[in-house]
$ cat query-v6.cif   # mmCIF, N, CA and C atoms
data_query
loop_
_atom_site.group_PDB
_atom_site.id
_atom_site.type_symbol
_atom_site.label_atom_id
_atom_site.label_comp_id
_atom_site.auth_asym_id
_atom_site.auth_seq_id
_atom_site.Cartn_x
_atom_site.Cartn_y
_atom_site.Cartn_z
ATOM 1 N N MET A 1 0.838 -1.180 0.000
ATOM 2 C CA MET A 1 0.000 0.000 0.000
ATOM 3 C C MET A 1 0.883 1.242 0.000
ATOM 4 N N GLY A 2 0.304 2.333 -0.442
ATOM 5 C CA GLY A 2 1.013 3.592 -0.454
ATOM 6 C C GLY A 2 1.076 4.154 -1.850
ATOM 7 N N ALA A 3 2.138 4.882 -2.115
ATOM 8 C CA ALA A 3 2.267 5.613 -3.371
ATOM 9 C C ALA A 3 2.682 4.743 -4.550
ATOM 10 N N MET A 4 3.146 3.537 -4.313
ATOM 11 C CA MET A 4 3.613 2.688 -5.413
ATOM 12 C C MET A 4 2.429 2.263 -6.276
ATOM 13 N N PRO A 5 2.550 2.396 -7.599
ATOM 14 C CA PRO A 5 1.433 2.063 -8.486
ATOM 15 C C PRO A 5 1.042 0.590 -8.416
ATOM 16 N N LYS A 6 -0.189 0.334 -8.768
ATOM 17 C CA LYS A 6 -0.677 -1.037 -8.892
ATOM 18 C C LYS A 6 -0.354 -1.471 -10.320
ATOM 19 N N ALA A 7 0.815 -2.044 -10.502
ATOM 20 C CA ALA A 7 1.307 -2.390 -11.835
ATOM 21 C C ALA A 7 2.095 -3.699 -11.760
ATOM 22 N N ALA A 8 2.226 -4.363 -12.896
ATOM 23 C CA ALA A 8 2.917 -5.651 -12.952
ATOM 24 C C ALA A 8 4.358 -5.542 -12.451
ATOM 25 N N HIS A 9 5.071 -4.535 -12.891
ATOM 26 C CA HIS A 9 6.463 -4.397 -12.477
ATOM 27 C C HIS A 9 6.552 -4.167 -10.967
ATOM 28 N N ALA A 10 5.662 -3.319 -10.450
ATOM 29 C CA ALA A 10 5.647 -3.055 -9.005
ATOM 30 C C ALA A 10 5.333 -4.325 -8.226
ATOM 31 N N ALA A 11 4.359 -5.090 -8.691
ATOM 32 C CA ALA A 11 3.990 -6.336 -8.009
ATOM 33 C C ALA A 11 5.158 -7.324 -8.012
ATOM 34 N N ALA A 12 5.851 -7.422 -9.135
ATOM 35 C CA ALA A 12 6.999 -8.336 -9.217
ATOM 36 C C ALA A 12 8.111 -7.890 -8.265
ATOM 37 N N ALA A 13 8.360 -6.593 -8.188
ATOM 38 C CA ALA A 13 9.384 -6.077 -7.270
ATOM 39 C C ALA A 13 8.993 -6.369 -5.820
ATOM 40 N N GLN A 14 7.719 -6.156 -5.495
ATOM 41 C CA GLN A 14 7.250 -6.428 -4.142
ATOM 42 C C GLN A 14 7.335 -7.921 -3.823
ATOM 43 N N ALA A 15 7.036 -8.763 -4.786
ATOM 44 C CA ALA A 15 7.112 -10.216 -4.565
ATOM 45 C C ALA A 15 8.543 -10.652 -4.266
ATOM 46 N N ARG A 16 9.517 -10.092 -4.977
ATOM 47 C CA ARG A 16 10.920 -10.444 -4.723
ATOM 48 C C ARG A 16 11.336 -10.032 -3.315
ATOM 49 N N VAL A 17 10.919 -8.839 -2.891
ATOM 50 C CA VAL A 17 11.242 -8.362 -1.541
ATOM 51 C C VAL A 17 10.575 -9.257 -0.502
ATOM 52 N N CYS A 18 9.327 -9.628 -0.747
ATOM 53 C CA CYS A 18 8.598 -10.498 0.179
ATOM 54 C C CYS A 18 9.291 -11.854 0.310
ATOM 55 N N ALA A 19 9.665 -12.431 -0.821
ATOM 56 C CA ALA A 19 10.341 -13.731 -0.792
ATOM 57 C C ALA A 19 11.659 -13.640 -0.028
ATOM 58 N N ALA A 20 12.418 -12.580 -0.250
ATOM 59 C CA ALA A 20 13.693 -12.407 0.463
ATOM 60 C C ALA A 20 13.456 -12.245 1.965
ATOM 61 N N ALA A 21 12.388 -11.552 2.348
ATOM 62 C CA ALA A 21 12.073 -11.374 3.771
ATOM 63 C C ALA A 21 11.689 -12.700 4.417
ATOM 64 N N ILE A 22 10.959 -13.540 3.689
ATOM 65 C CA ILE A 22 10.583 -14.860 4.211
ATOM 66 C C ILE A 22 11.827 -15.722 4.412
ATOM 67 N N VAL A 23 12.722 -15.703 3.431
ATOM 68 C CA VAL A 23 13.970 -16.475 3.548
ATOM 69 C C VAL A 23 14.773 -15.964 4.742
ATOM 70 N N ALA A 24 14.863 -14.656 4.897
ATOM 71 C CA ALA A 24 15.603 -14.094 6.033
ATOM 72 C C ALA A 24 14.981 -14.536 7.357
ATOM 73 N N LYS A 25 13.663 -14.451 7.446
ATOM 74 C CA LYS A 25 12.970 -14.850 8.681
ATOM 75 C C LYS A 25 13.224 -16.323 8.999
ATOM 76 N N LEU A 26 13.119 -17.190 7.982
ATOM 77 C CA LEU A 26 13.359 -18.617 8.189
ATOM 78 C C LEU A 26 14.803 -18.899 8.574
ATOM 79 N N SER A 27 15.703 -18.011 8.153
ATOM 80 C CA SER A 27 17.124 -18.149 8.494
ATOM 81 C C SER A 27 17.478 -17.397 9.774
ATOM 82 N N GLU A 28 16.444 -16.899 10.450
ATOM 83 C CA GLU A 28 16.602 -16.155 11.692
ATOM 84 C C GLU A 28 17.485 -14.924 11.526
ATOM 85 N N ARG A 29 17.323 -14.253 10.394
ATOM 86 C CA ARG A 29 18.017 -12.984 10.125
ATOM 87 C C ARG A 29 16.962 -11.894 9.944
ATOM 88 N N ALA A 30 17.369 -10.676 10.165
ATOM 89 C CA ALA A 30 16.470 -9.546 9.926
ATOM 90 C C ALA A 30 16.380 -9.299 8.417
ATOM 91 N N PRO A 31 15.195 -8.959 7.921
ATOM 92 C CA PRO A 31 15.089 -8.622 6.503
ATOM 93 C C PRO A 31 15.921 -7.386 6.178
ATOM 94 N N ALA A 32 16.422 -7.330 4.968
ATOM 95 C CA ALA A 32 17.236 -6.194 4.537
ATOM 96 C C ALA A 32 16.368 -4.958 4.338
ATOM 97 N N ASP A 33 16.959 -3.783 4.550
ATOM 98 C CA ASP A 33 16.290 -2.536 4.172
ATOM 99 C C ASP A 33 16.224 -2.523 2.646
ATOM 100 N N VAL A 34 15.117 -2.064 2.105
ATOM 101 C CA VAL A 34 14.941 -2.135 0.657
ATOM 102 C C VAL A 34 14.454 -0.820 0.072
ATOM 103 N N GLU A 35 14.741 -0.663 -1.203
ATOM 104 C CA GLU A 35 14.092 0.306 -2.066
ATOM 105 C C GLU A 35 13.579 -0.495 -3.244
ATOM 106 N N LEU A 36 12.378 -0.219 -3.663
ATOM 107 C CA LEU A 36 11.768 -0.929 -4.784
ATOM 108 C C LEU A 36 11.707 0.013 -5.976
ATOM 109 N N ASP A 37 11.767 -0.567 -7.162
ATOM 110 C CA ASP A 37 11.636 0.256 -8.351
ATOM 111 C C ASP A 37 10.348 -0.090 -9.084
ATOM 112 N N ASN A 38 9.904 0.837 -9.882
ATOM 113 C CA ASN A 38 8.781 0.592 -10.772
ATOM 114 C C ASN A 38 9.083 1.263 -12.096
ATOM 115 N N ILE A 39 8.687 0.613 -13.153
ATOM 116 C CA ILE A 39 8.838 1.180 -14.486
ATOM 117 C C ILE A 39 7.540 0.964 -15.235
ATOM 118 N N CYS A 40 7.121 1.988 -15.940
ATOM 119 C CA CYS A 40 5.867 1.916 -16.685
ATOM 120 C C CYS A 40 6.121 2.335 -18.126
ATOM 121 N N TYR A 41 5.916 1.407 -19.028
ATOM 122 C CA TYR A 41 6.020 1.702 -20.454
ATOM 123 C C TYR A 41 4.629 1.911 -21.020
ATOM 124 N N SER A 42 4.522 2.864 -21.912
ATOM 125 C CA SER A 42 3.274 3.099 -22.639
ATOM 126 C C SER A 42 3.611 3.146 -24.121
ATOM 127 N N LEU A 43 2.836 2.432 -24.904
ATOM 128 C CA LEU A 43 3.041 2.424 -26.348
ATOM 129 C C LEU A 43 1.904 3.165 -27.035
ATOM 130 N N ALA A 44 2.256 4.151 -27.857
ATOM 131 C CA ALA A 44 1.269 4.839 -28.681
ATOM 132 C C ALA A 44 1.193 4.169 -30.051
ATOM 133 N N ALA A 45 2.233 3.451 -30.418
ATOM 134 C CA ALA A 45 2.321 2.703 -31.672
ATOM 135 C C ALA A 45 3.445 1.688 -31.489
ATOM 136 N N PRO A 46 3.545 0.689 -32.360
ATOM 137 C CA PRO A 46 4.594 -0.326 -32.178
ATOM 138 C C PRO A 46 6.005 0.246 -32.073
ATOM 139 N N ASP A 47 6.267 1.404 -32.668
ATOM 140 C CA ASP A 47 7.601 1.992 -32.616
ATOM 141 C C ASP A 47 7.600 3.366 -31.944
ATOM 142 N N TRP A 48 6.623 3.596 -31.070
ATOM 143 C CA TRP A 48 6.516 4.908 -30.425
ATOM 144 C C TRP A 48 6.166 4.695 -28.952
ATOM 145 N N GLY A 49 7.194 4.733 -28.092
ATOM 146 C CA GLY A 49 6.988 4.437 -26.680
ATOM 147 C C GLY A 49 7.365 5.583 -25.768
ATOM 148 N N PHE A 50 6.840 5.503 -24.565
ATOM 149 C CA PHE A 50 7.122 6.436 -23.479
ATOM 150 C C PHE A 50 7.432 5.604 -22.246
ATOM 151 N N VAL A 51 8.233 6.161 -21.359
ATOM 152 C CA VAL A 51 8.578 5.416 -20.149
ATOM 153 C C VAL A 51 8.649 6.361 -18.953
ATOM 154 N N GLU A 52 8.257 5.816 -17.802
ATOM 155 C CA GLU A 52 8.436 6.527 -16.536
ATOM 156 C C GLU A 52 8.908 5.513 -15.511
ATOM 157 N N SER A 53 9.896 5.892 -14.745
ATOM 158 C CA SER A 53 10.366 5.013 -13.675
ATOM 159 C C SER A 53 10.458 5.819 -12.384
ATOM 160 N N ASN A 54 10.413 5.083 -11.284
ATOM 161 C CA ASN A 54 10.497 5.714 -9.974
ATOM 162 C C ASN A 54 10.998 4.687 -8.968
ATOM 163 N N ARG A 55 11.403 5.152 -7.802
ATOM 164 C CA ARG A 55 11.852 4.282 -6.719
ATOM 165 C C ARG A 55 11.010 4.578 -5.490
ATOM 166 N N TYR A 56 10.823 3.536 -4.669
ATOM 167 C CA TYR A 56 9.977 3.634 -3.483
ATOM 168 C C TYR A 56 10.669 2.946 -2.328
ATOM 169 N N ARG A 57 10.331 3.384 -1.127
ATOM 170 C CA ARG A 57 10.848 2.735 0.077
ATOM 171 C C ARG A 57 9.759 2.750 1.142
ATOM 172 N N PRO A 58 9.808 1.780 2.048
ATOM 173 C CA PRO A 58 8.821 1.767 3.127
ATOM 174 C C PRO A 58 9.101 2.873 4.137
ATOM 175 N N GLU A 59 8.048 3.597 4.472
ATOM 176 C CA GLU A 59 8.125 4.620 5.524
ATOM 177 C C GLU A 59 6.805 4.613 6.272
ATOM 178 N N LYS A 60 6.872 4.404 7.570
ATOM 179 C CA LYS A 60 5.676 4.412 8.427
ATOM 180 C C LYS A 60 4.598 3.461 7.908
ATOM 181 N N GLY A 61 5.028 2.292 7.440
ATOM 182 C CA GLY A 61 4.084 1.269 7.016
ATOM 183 C C GLY A 61 3.543 1.433 5.604
ATOM 184 N N LEU A 62 4.003 2.435 4.869
ATOM 185 C CA LEU A 62 3.556 2.650 3.497
ATOM 186 C C LEU A 62 4.745 2.740 2.554
ATOM 187 N N LEU A 63 4.535 2.355 1.300
ATOM 188 C CA LEU A 63 5.567 2.542 0.287
ATOM 189 C C LEU A 63 5.477 3.983 -0.209
ATOM 190 N N THR A 64 6.583 4.699 -0.097
ATOM 191 C CA THR A 64 6.620 6.124 -0.397
ATOM 192 C C THR A 64 7.639 6.393 -1.490
ATOM 193 N N ALA A 65 7.302 7.274 -2.423
ATOM 194 C CA ALA A 65 8.220 7.629 -3.506
ATOM 195 C C ALA A 65 9.480 8.280 -2.937
ATOM 196 N N VAL A 66 10.620 7.893 -3.476
ATOM 197 C CA VAL A 66 11.896 8.490 -3.083
ATOM 198 C C VAL A 66 11.991 9.855 -3.765
ATOM 199 N N PRO A 67 12.165 10.931 -3.010
ATOM 200 C CA PRO A 67 12.236 12.255 -3.621
ATOM 201 C C PRO A 67 13.331 12.334 -4.683
ATOM 202 N N GLY A 68 12.988 12.886 -5.836
ATOM 203 C CA GLY A 68 13.952 13.080 -6.913
ATOM 204 C C GLY A 68 14.264 11.852 -7.737
ATOM 205 N N ALA A 69 13.602 10.728 -7.477
ATOM 206 C CA ALA A 69 13.952 9.485 -8.169
ATOM 207 C C ALA A 69 13.138 9.236 -9.435
ATOM 208 N N VAL A 70 12.143 10.067 -9.709
ATOM 209 C CA VAL A 70 11.312 9.844 -10.892
ATOM 210 C C VAL A 70 12.106 10.188 -12.157
ATOM 211 N N ASN A 71 11.917 9.379 -13.181
ATOM 212 C CA ASN A 71 12.581 9.581 -14.463
ATOM 213 C C ASN A 71 11.537 9.368 -15.553
ATOM 214 N N THR A 72 11.341 10.345 -16.410
ATOM 215 C CA THR A 72 10.339 10.227 -17.465
ATOM 216 C C THR A 72 10.956 10.463 -18.832
ATOM 217 N N SER A 73 10.262 9.973 -19.852
ATOM 218 C CA SER A 73 10.687 10.223 -21.220
ATOM 219 C C SER A 73 10.775 11.725 -21.459
ATOM 220 N N PRO A 74 11.783 12.131 -22.222
ATOM 221 C CA PRO A 74 11.893 13.565 -22.493
ATOM 222 C C PRO A 74 10.757 14.053 -23.398
ATOM 223 N N ILE A 75 10.239 15.216 -23.086
ATOM 224 C CA ILE A 75 9.220 15.826 -23.936
ATOM 225 C C ILE A 75 9.879 16.237 -25.247
ATOM 226 N N GLY A 76 9.208 15.981 -26.338
ATOM 227 C CA GLY A 76 9.734 16.381 -27.650
ATOM 228 C C GLY A 76 10.858 15.505 -28.158
ATOM 229 N N ALA A 77 10.985 14.308 -27.623
ATOM 230 C CA ALA A 77 12.062 13.410 -28.067
ATOM 231 C C ALA A 77 11.900 13.056 -29.539
ATOM 232 N N LYS A 78 12.998 12.800 -30.184
ATOM 233 C CA LYS A 78 13.000 12.420 -31.600
ATOM 234 C C LYS A 78 12.416 11.020 -31.775
ATOM 235 N N PRO A 79 11.930 10.715 -32.971
ATOM 236 C CA PRO A 79 11.369 9.390 -33.232
ATOM 237 C C PRO A 79 12.308 8.239 -32.876
ATOM 238 N N ALA A 80 13.616 8.424 -33.029
ATOM 239 C CA ALA A 80 14.561 7.349 -32.690
ATOM 240 C C ALA A 80 14.515 7.030 -31.198
ATOM 241 N N VAL A 81 14.341 8.048 -30.357
ATOM 242 C CA VAL A 81 14.242 7.833 -28.909
ATOM 243 C C VAL A 81 12.954 7.090 -28.592
ATOM 244 N N ARG A 82 11.847 7.486 -29.222
ATOM 245 C CA ARG A 82 10.566 6.810 -28.997
ATOM 246 C C ARG A 82 10.624 5.354 -29.456
ATOM 247 N N ALA A 83 11.306 5.103 -30.574
ATOM 248 C CA ALA A 83 11.455 3.724 -31.062
ATOM 249 C C ALA A 83 12.315 2.910 -30.104
ATOM 250 N N GLU A 84 13.366 3.522 -29.564
ATOM 251 C CA GLU A 84 14.220 2.823 -28.591
ATOM 252 C C GLU A 84 13.415 2.468 -27.343
ATOM 253 N N GLU A 85 12.601 3.391 -26.856
ATOM 254 C CA GLU A 85 11.784 3.118 -25.678
ATOM 255 C C GLU A 85 10.743 2.043 -25.969
ATOM 256 N N ALA A 86 10.201 2.016 -27.178
ATOM 257 C CA ALA A 86 9.264 0.945 -27.554
ATOM 258 C C ALA A 86 9.987 -0.403 -27.549
ATOM 259 N N GLY A 87 11.224 -0.436 -28.022
ATOM 260 C CA GLY A 87 12.016 -1.668 -27.997
ATOM 261 C C GLY A 87 12.320 -2.114 -26.577
ATOM 262 N N GLU A 88 12.616 -1.154 -25.691
ATOM 263 C CA GLU A 88 12.855 -1.482 -24.284
ATOM 264 C C GLU A 88 11.601 -2.086 -23.658
ATOM 265 N N ASP A 89 10.443 -1.601 -24.069
ATOM 266 C CA ASP A 89 9.177 -2.148 -23.583
ATOM 267 C C ASP A 89 9.053 -3.617 -23.962
ATOM 268 N N GLU A 90 9.402 -3.964 -25.175
ATOM 269 C CA GLU A 90 9.323 -5.362 -25.618
ATOM 270 C C GLU A 90 10.241 -6.242 -24.773
ATOM 271 N N VAL A 91 11.461 -5.779 -24.529
ATOM 272 C CA VAL A 91 12.412 -6.537 -23.710
ATOM 273 C C VAL A 91 11.873 -6.685 -22.296
ATOM 274 N N TRP A 92 11.362 -5.582 -21.713
ATOM 275 C CA TRP A 92 10.789 -5.636 -20.369
ATOM 276 C C TRP A 92 9.653 -6.653 -20.304
ATOM 277 N N PHE A 93 8.749 -6.614 -21.283
ATOM 278 C CA PHE A 93 7.601 -7.517 -21.283
ATOM 279 C C PHE A 93 8.058 -8.974 -21.358
ATOM 280 N N ARG A 94 8.977 -9.293 -22.248
ATOM 281 C CA ARG A 94 9.471 -10.672 -22.359
ATOM 282 C C ARG A 94 10.156 -11.124 -21.078
ATOM 283 N N THR A 95 10.950 -10.247 -20.485
ATOM 284 C CA THR A 95 11.668 -10.582 -19.250
ATOM 285 C C THR A 95 10.686 -10.840 -18.105
ATOM 286 N N LEU A 96 9.745 -9.925 -17.905
ATOM 287 C CA LEU A 96 8.813 -10.070 -16.792
ATOM 288 C C LEU A 96 7.914 -11.284 -16.971
ATOM 289 N N THR A 97 7.361 -11.479 -18.156
ATOM 290 C CA THR A 97 6.495 -12.633 -18.348
ATOM 291 C C THR A 97 7.278 -13.926 -18.235
ATOM 292 N N GLY A 98 8.547 -13.916 -18.624
ATOM 293 C CA GLY A 98 9.382 -15.099 -18.448
ATOM 294 C C GLY A 98 9.623 -15.415 -16.980
ATOM 295 N N GLU A 99 9.856 -14.366 -16.178
ATOM 296 C CA GLU A 99 10.059 -14.573 -14.744
ATOM 297 C C GLU A 99 8.778 -15.078 -14.064
ATOM 298 N N VAL A 100 7.652 -14.530 -14.466
ATOM 299 C CA VAL A 100 6.386 -14.864 -13.822
ATOM 300 C C VAL A 100 5.860 -16.223 -14.268
ATOM 301 N N PHE A 101 5.914 -16.497 -15.568
ATOM 302 C CA PHE A 101 5.284 -17.713 -16.109
ATOM 303 C C PHE A 101 6.263 -18.789 -16.542
ATOM 304 N N GLY A 102 7.556 -18.486 -16.476
ATOM 305 C CA GLY A 102 8.561 -19.493 -16.825
ATOM 306 C C GLY A 102 8.799 -19.699 -18.271
#

$ encode --input "query-v6.cif" --output "structure tokens"
Amino acid sequence: MGAMPKAAHAAAAQARVCAAAIVAKLSERAPADVELDNICYSLAAPDWGFVESNRYRPEKGLLTAVPGAVNTSPIGAKPAVRAEEAGEDEVWFRTLTGEVFG
């Protein structure tokens, strides 16, 4: 709960942190302090993408955005930049679905 978006990448990041905390607990160790990342790709066309990323950390029981950590696609970027971001989206999608579904 908190400021972290309800998104596939965020859920996967939270799942990894949760699994590590369970392993630590079973090993009688304290869970590590963490920062989680989220990345959101948006496609306007197969070769025209936008991206936003941010980092979050737990504070007072909520996931809170790390000040200054947001990174967004540049406004007015050239078509080559948009095509590169669309390609990064494809790689992200294949990687995440591979991790989740094997």

$ residues_around --input "query-v6.cif" --residues "Pro31 (chain A)" --least-positions-apart "5" --cutoff "6 Å" --atoms "all atoms listed in the file" --output "list in words"
Ala21, Ala24 and Lys25 of chain A

$ write_last_selection --input "query-v6.cif" --atoms "N, CA and C atoms" --output "PDB file, keeping the file's coordinate frame"
ATOM      1  N   ALA A  21      12.388 -11.552   2.348  1.00  0.00           N
ATOM      2  CA  ALA A  21      12.073 -11.374   3.771  1.00  0.00           C
ATOM      3  C   ALA A  21      11.689 -12.700   4.417  1.00  0.00           C
ATOM      4  N   ALA A  24      14.863 -14.656   4.897  1.00  0.00           N
ATOM      5  CA  ALA A  24      15.603 -14.094   6.033  1.00  0.00           C
ATOM      6  C   ALA A  24      14.981 -14.536   7.357  1.00  0.00           C
ATOM      7  N   LYS A  25      13.663 -14.451   7.446  1.00  0.00           N
ATOM      8  CA  LYS A  25      12.970 -14.850   8.681  1.00  0.00           C
ATOM      9  C   LYS A  25      13.224 -16.323   8.999  1.00  0.00           C
TER      10      LYS A  25
END

$ resolve_selection --input "query-v6.cif" --expression "the PyMOL selection byres ((chain A and resi 69) around 7)" --output "list in words"
Ser53, Asn54, Arg55, Ala65, Val66, Pro67, Gly68, Val70 and Asn71 of chain A

$ write_last_selection --input "query-v6.cif" --atoms "N, CA and C atoms" --output "CSV table (one decimal), keeping the file's coordinate frame"
chain,number,residue,atom,x,y,z
A,53,SER,N,9.9,5.9,-14.7
A,53,SER,CA,10.4,5.0,-13.7
A,53,SER,C,10.5,5.8,-12.4
A,54,ASN,N,10.4,5.1,-11.3
A,54,ASN,CA,10.5,5.7,-10.0
A,54,ASN,C,11.0,4.7,-9.0
A,55,ARG,N,11.4,5.2,-7.8
A,55,ARG,CA,11.9,4.3,-6.7
A,55,ARG,C,11.0,4.6,-5.5
A,65,ALA,N,7.3,7.3,-2.4
A,65,ALA,CA,8.2,7.6,-3.5
A,65,ALA,C,9.5,8.3,-2.9
A,66,VAL,N,10.6,7.9,-3.5
A,66,VAL,CA,11.9,8.5,-3.1
A,66,VAL,C,12.0,9.9,-3.8
A,67,PRO,N,12.2,10.9,-3.0
A,67,PRO,CA,12.2,12.3,-3.6
A,67,PRO,C,13.3,12.3,-4.7
A,68,GLY,N,13.0,12.9,-5.8
A,68,GLY,CA,14.0,13.1,-6.9
A,68,GLY,C,14.3,11.9,-7.7
A,70,VAL,N,12.1,10.1,-9.7
A,70,VAL,CA,11.3,9.8,-10.9
A,70,VAL,C,12.1,10.2,-12.2
A,71,ASN,N,11.9,9.4,-13.2
A,71,ASN,CA,12.6,9.6,-14.5
A,71,ASN,C,11.5,9.4,-15.6

$ closest_atom_pairs --input "query-v6.cif" --of "region 8-29 of chain A" --to "region 79-96 of chain A" --cutoff "8 Å" --atoms "only N, CA and C atoms" --output "CSV"
residue,atom,partner,partner_atom,distance
A:Ala8,C,A:Leu96,CA,7.7
A:His9,CA,A:Leu96,CA,7.5
A:Ala12,CA,A:Leu96,CA,8.0

$ select_by_dssp --input "query-v6.cif" --residues "chain A" --states "helix (DSSP H, G or I)" --output "VMD selection string"
chain A and resid 8 to 26 79 to 101

$ atom_distance --input "query-v6.cif" --atom1 "CA of Ala77 (chain A)" --atom2 "CA of Ala13 (chain A)"
28.6 Å

$ atom_distance --input "query-v6.cif" --atom1 "atom N of Gly61 (chain A)" --atom2 "atom C of Ala15 (chain A)"
17.8 Å

$ atom_distance --input "query-v6.cif" --atom1 "atom C of Ala20 (chain A)" --atom2 "CA of Tyr41 (chain A)"
27.4 Å

$ closest_residue --input "query-v6.cif" --among "A:Lys78, A:Arg57, A:Arg29, A:Arg16" --to "Met4 (chain A)" --atoms "only N, CA and C atoms"
A:Arg57

$ build_atoms --input "query-v6.cif" --residues "region 12-19 of chain A" --atoms "all heavy atoms" --output "PDB file, in the coordinates of the input"
ATOM      1  N   ALA A  12       5.851  -7.422  -9.135  1.00  0.00           N
ATOM      2  CA  ALA A  12       6.999  -8.336  -9.217  1.00  0.00           C
ATOM      3  C   ALA A  12       8.111  -7.890  -8.265  1.00  0.00           C
ATOM      4  O   ALA A  12       8.724  -8.720  -7.585  1.00  0.00           O
ATOM      5  CB  ALA A  12       7.506  -8.420 -10.651  1.00  0.00           C
ATOM      6  N   ALA A  13       8.360  -6.593  -8.188  1.00  0.00           N
ATOM      7  CA  ALA A  13       9.384  -6.077  -7.270  1.00  0.00           C
ATOM      8  C   ALA A  13       8.993  -6.369  -5.820  1.00  0.00           C
ATOM      9  O   ALA A  13       9.822  -6.799  -5.012  1.00  0.00           O
ATOM     10  CB  ALA A  13       9.576  -4.572  -7.479  1.00  0.00           C
ATOM     11  N   GLN A  14       7.719  -6.156  -5.495  1.00  0.00           N
ATOM     12  CA  GLN A  14       7.250  -6.428  -4.142  1.00  0.00           C
ATOM     13  C   GLN A  14       7.335  -7.921  -3.823  1.00  0.00           C
ATOM     14  O   GLN A  14       7.688  -8.301  -2.698  1.00  0.00           O
ATOM     15  CB  GLN A  14       5.821  -5.925  -3.983  1.00  0.00           C
ATOM     16  CG  GLN A  14       5.727  -4.412  -4.028  1.00  0.00           C
ATOM     17  CD  GLN A  14       4.297  -3.910  -4.076  1.00  0.00           C
ATOM     18  OE1 GLN A  14       3.355  -4.653  -3.847  1.00  0.00           O
ATOM     19  NE2 GLN A  14       4.131  -2.639  -4.388  1.00  0.00           N
ATOM     20  N   ALA A  15       7.036  -8.763  -4.786  1.00  0.00           N
ATOM     21  CA  ALA A  15       7.112 -10.216  -4.565  1.00  0.00           C
ATOM     22  C   ALA A  15       8.543 -10.652  -4.266  1.00  0.00           C
ATOM     23  O   ALA A  15       8.770 -11.488  -3.386  1.00  0.00           O
ATOM     24  CB  ALA A  15       6.566 -10.959  -5.780  1.00  0.00           C
ATOM     25  N   ARG A  16       9.517 -10.092  -4.977  1.00  0.00           N
ATOM     26  CA  ARG A  16      10.920 -10.444  -4.723  1.00  0.00           C
ATOM     27  C   ARG A  16      11.336 -10.032  -3.315  1.00  0.00           C
ATOM     28  O   ARG A  16      12.016 -10.778  -2.608  1.00  0.00           O
ATOM     29  CB  ARG A  16      11.827  -9.813  -5.780  1.00  0.00           C
ATOM     30  CG  ARG A  16      11.761 -10.510  -7.134  1.00  0.00           C
ATOM     31  CD  ARG A  16      12.837 -10.018  -8.087  1.00  0.00           C
ATOM     32  NE  ARG A  16      12.538  -8.729  -8.678  1.00  0.00           N
ATOM     33  CZ  ARG A  16      11.729  -8.525  -9.714  1.00  0.00           C
ATOM     34  NH1 ARG A  16      11.108  -9.534 -10.283  1.00  0.00           N
ATOM     35  NH2 ARG A  16      11.550  -7.312 -10.187  1.00  0.00           N
ATOM     36  N   VAL A  17      10.919  -8.839  -2.891  1.00  0.00           N
ATOM     37  CA  VAL A  17      11.242  -8.362  -1.541  1.00  0.00           C
ATOM     38  C   VAL A  17      10.575  -9.257  -0.502  1.00  0.00           C
ATOM     39  O   VAL A  17      11.187  -9.624   0.506  1.00  0.00           O
ATOM     40  CB  VAL A  17      10.826  -6.888  -1.377  1.00  0.00           C
ATOM     41  CG1 VAL A  17      10.876  -6.460   0.083  1.00  0.00           C
ATOM     42  CG2 VAL A  17      11.715  -6.002  -2.221  1.00  0.00           C
ATOM     43  N   CYS A  18       9.327  -9.628  -0.747  1.00  0.00           N
ATOM     44  CA  CYS A  18       8.598 -10.498   0.179  1.00  0.00           C
ATOM     45  C   CYS A  18       9.291 -11.854   0.310  1.00  0.00           C
ATOM     46  O   CYS A  18       9.488 -12.354   1.413  1.00  0.00           O
ATOM     47  CB  CYS A  18       7.165 -10.662  -0.300  1.00  0.00           C
ATOM     48  SG  CYS A  18       6.151 -11.667   0.797  1.00  0.00           S
ATOM     49  N   ALA A  19       9.665 -12.431  -0.821  1.00  0.00           N
ATOM     50  CA  ALA A  19      10.341 -13.731  -0.792  1.00  0.00           C
ATOM     51  C   ALA A  19      11.659 -13.640  -0.028  1.00  0.00           C
ATOM     52  O   ALA A  19      11.982 -14.522   0.782  1.00  0.00           O
ATOM     53  CB  ALA A  19      10.580 -14.230  -2.215  1.00  0.00           C
TER      54      ALA A  19
END
